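Undergrad: Mind looking over this structure? Questions follow.
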Amino acid sequence: MNNNGEQQTATAGSARIFDHIVSSLLPTRHGEFRIHVYQPVGETVEHVAIVKGDLKDQERVLVRVHSECLTGDVLGSMRCDCGEQLDAALAKISSAGQGVVVYLRGHEGRGIGLANKIRAYQLQDQGRDTVEANLDLGLPVDIRDYQVAAHILSDLGIKSICLMTNNPRKMMKLAEYGVNVIERVPVLTAHTPHNISYLRTKQEKLGHMLDFE
Ligand SMILES: [Zn+2]
């Protein structure tokens with residue numbers, strides 16, 4: 001990316017991977033950020049980086065790699081904790097004065113898409129948990145990929161990160177793509193009668209590190 005936020009193409013070897021499309025200031029209720037839009041080559045999906053401060057050559061940058069969740073992030077759904085985690089990450093980055101949320105589109109329902117996520121909710125209404133519901137539908141439990149997130153962090157010039165997540169798999173995947181993950185920063189959100197069984201399933205079946213009884 002150049003200083004004017006104009007479109008540039010990132011490459012790995014000779015192959016183009018994604019384009020940095022554009023950037024702009026973005027005032028939010030958590031303070032002022034800069035928003036960058038990225039698009040993998042040959043795809044229509046647009047990913048976003050919401051940046052606080054100058055991250056070039058910085059170490060131990062606070063990073064949240066957040067999977068899009070329309071129901072949680074936008075509608076305030078209490079079936080999951082996505083919206084709360086996103087808010088907590090933006091607030092923490094804002095008070096630290098530096099950091100980035102990489103917002104990955106196309107990650108609904110851990111990669112199965114919005115309609116399938118709602119189909120899984122139907123099954124959960126009948127007593128299945130979030131993992132069983134995906135399997136009942138013949139769908140994978142988690143097909144999210146983090147390669148584009150690794151490229152975005154590299155494009156921003158970040159040297160090493162402190163990753164805000166409860167998901168050890170996400171740390172491992174980013175490290176596999178060459179991200180220098182120094183530390184995990186827990187993102188603990190309130191549990192409610194609506195999300196407690198979802199959170200317990202994530203803890204027991206998906207290895208998430210959540211601290212509740
Ligand atoms: Zn969610």
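Labeling convention for the structure tokens: chains A, B, ... as they appear, residues from 1 per chain, ligands from 1 in order of appearance.
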Using only C-alpha atoms and all ligand atoms, which protein or nucleic acid residues are at most 6 Å from ligand 1, as number ranges by chain?
TA: A: 69, 72, 80-82
Undergrad: Quick one: residues within 12 Å of Gln203 in chain A, only C-alpha atoms, excluding same-chain residues fewer than 4 positions away - as a PyMOL selection string?
TA: chain A and resi 130-131+166-168+196-199+207-213
Undergrad: Write the selection just made, keeping N, CA, C and O atoms, as a short mmCIF file (atom, residue, chain, number, x, y, z; two decimals), in the first residue's frame?
TA:
data_model
loop_
_atom_site.label_atom_id
_atom_site.label_comp_id
_atom_site.auth_asym_id
_atom_site.auth_seq_id
_atom_site.Cartn_x
_atom_site.Cartn_y
_atom_site.Cartn_z
N THR A 130 -23.97 -26.23 18.48
CA THR A 130 -23.48 -25.56 17.27
C THR A 130 -22.63 -26.50 16.40
O THR A 130 -22.64 -26.38 15.17
N VAL A 131 -21.96 -27.45 17.02
CA VAL A 131 -21.15 -28.40 16.25
C VAL A 131 -22.04 -29.48 15.64
O VAL A 131 -21.96 -29.78 14.44
N ASN A 166 -9.93 -16.09 21.72
CA ASN A 166 -10.05 -17.21 22.65
C ASN A 166 -9.79 -18.52 21.93
O ASN A 166 -9.96 -19.59 22.51
N ASN A 167 -9.40 -18.43 20.67
CA ASN A 167 -9.34 -19.59 19.79
C ASN A 167 -7.89 -19.95 19.43
O ASN A 167 -7.30 -19.32 18.55
N PRO A 168 -7.34 -20.96 20.08
CA PRO A 168 -5.94 -21.33 19.81
C PRO A 168 -5.71 -21.73 18.35
O PRO A 168 -4.62 -21.52 17.81
N ILE A 196 -25.02 -19.22 26.53
CA ILE A 196 -24.18 -20.04 27.42
C ILE A 196 -23.89 -21.42 26.83
O ILE A 196 -22.75 -21.91 26.88
N SER A 197 -24.89 -22.05 26.20
CA SER A 197 -24.62 -23.40 25.68
C SER A 197 -23.71 -23.31 24.45
O SER A 197 -22.86 -24.18 24.23
N TYR A 198 -23.86 -22.25 23.65
CA TYR A 198 -22.97 -22.01 22.50
C TYR A 198 -21.53 -21.85 22.98
O TYR A 198 -20.60 -22.44 22.43
N LEU A 199 -21.34 -21.05 24.03
CA LEU A 199 -19.98 -20.81 24.54
C LEU A 199 -19.39 -22.09 25.12
O LEU A 199 -18.22 -22.39 24.92
N GLY A 207 -12.19 -26.20 21.54
CA GLY A 207 -10.94 -25.84 22.21
C GLY A 207 -10.79 -24.37 22.56
O GLY A 207 -9.68 -23.90 22.84
N HIS A 208 -11.90 -23.62 22.54
CA HIS A 208 -11.78 -22.21 22.90
C HIS A 208 -11.48 -22.06 24.39
O HIS A 208 -11.92 -22.85 25.21
N MET A 209 -10.70 -21.04 24.71
CA MET A 209 -10.27 -20.85 26.09
C MET A 209 -11.15 -19.79 26.73
O MET A 209 -10.88 -18.59 26.65
N LEU A 210 -12.23 -20.25 27.35
CA LEU A 210 -13.18 -19.35 27.96
C LEU A 210 -13.18 -19.61 29.45
O LEU A 210 -13.08 -20.74 29.89
N ASP A 211 -13.31 -18.53 30.19
CA ASP A 211 -13.17 -18.64 31.63
C ASP A 211 -14.52 -18.47 32.30
O ASP A 211 -14.91 -17.38 32.66
N PHE A 212 -15.29 -19.56 32.37
CA PHE A 212 -16.49 -19.50 33.19
C PHE A 212 -16.76 -20.88 33.77
O PHE A 212 -16.21 -21.87 33.31
N GLU A 213 -17.63 -20.90 34.79
CA GLU A 213 -17.84 -22.16 35.49
C GLU A 213 -18.85 -23.03 34.77
O GLU A 213 -19.71 -22.53 34.09
#
Undergrad: Of the residues A:Gln39, A:Ser77, A:Asn180, A:Asn134, which is the one nearest to Ser154 in chain A, using only C-alpha atoms?
TA: A:Asn180
Undergrad: Could you check which of A:Ile118, A:Ile35, A:Met171, A:Val187 is closest to Ala91 in chain A, using only C-alpha atoms?
TA: A:Val187
Undergrad: Which is closer to Thr71 in chain A than all the others in A:Ile17, A:Val48, A:Ala115, A:Ile161, using only C-alpha atoms?
TA: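 Once distances to Thr71 in chain A are computed over only C-alpha atoms, the minimum belongs to A:Ala115.
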Undergrad: What does the distance from CA of Met164 in chain A to CA of Leu25 in chain A come to in Å, to one decimal?
TA: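 Interatomic distance, CA of Met164 in chain A to CA of Leu25 in chain A: 23.1 Å.
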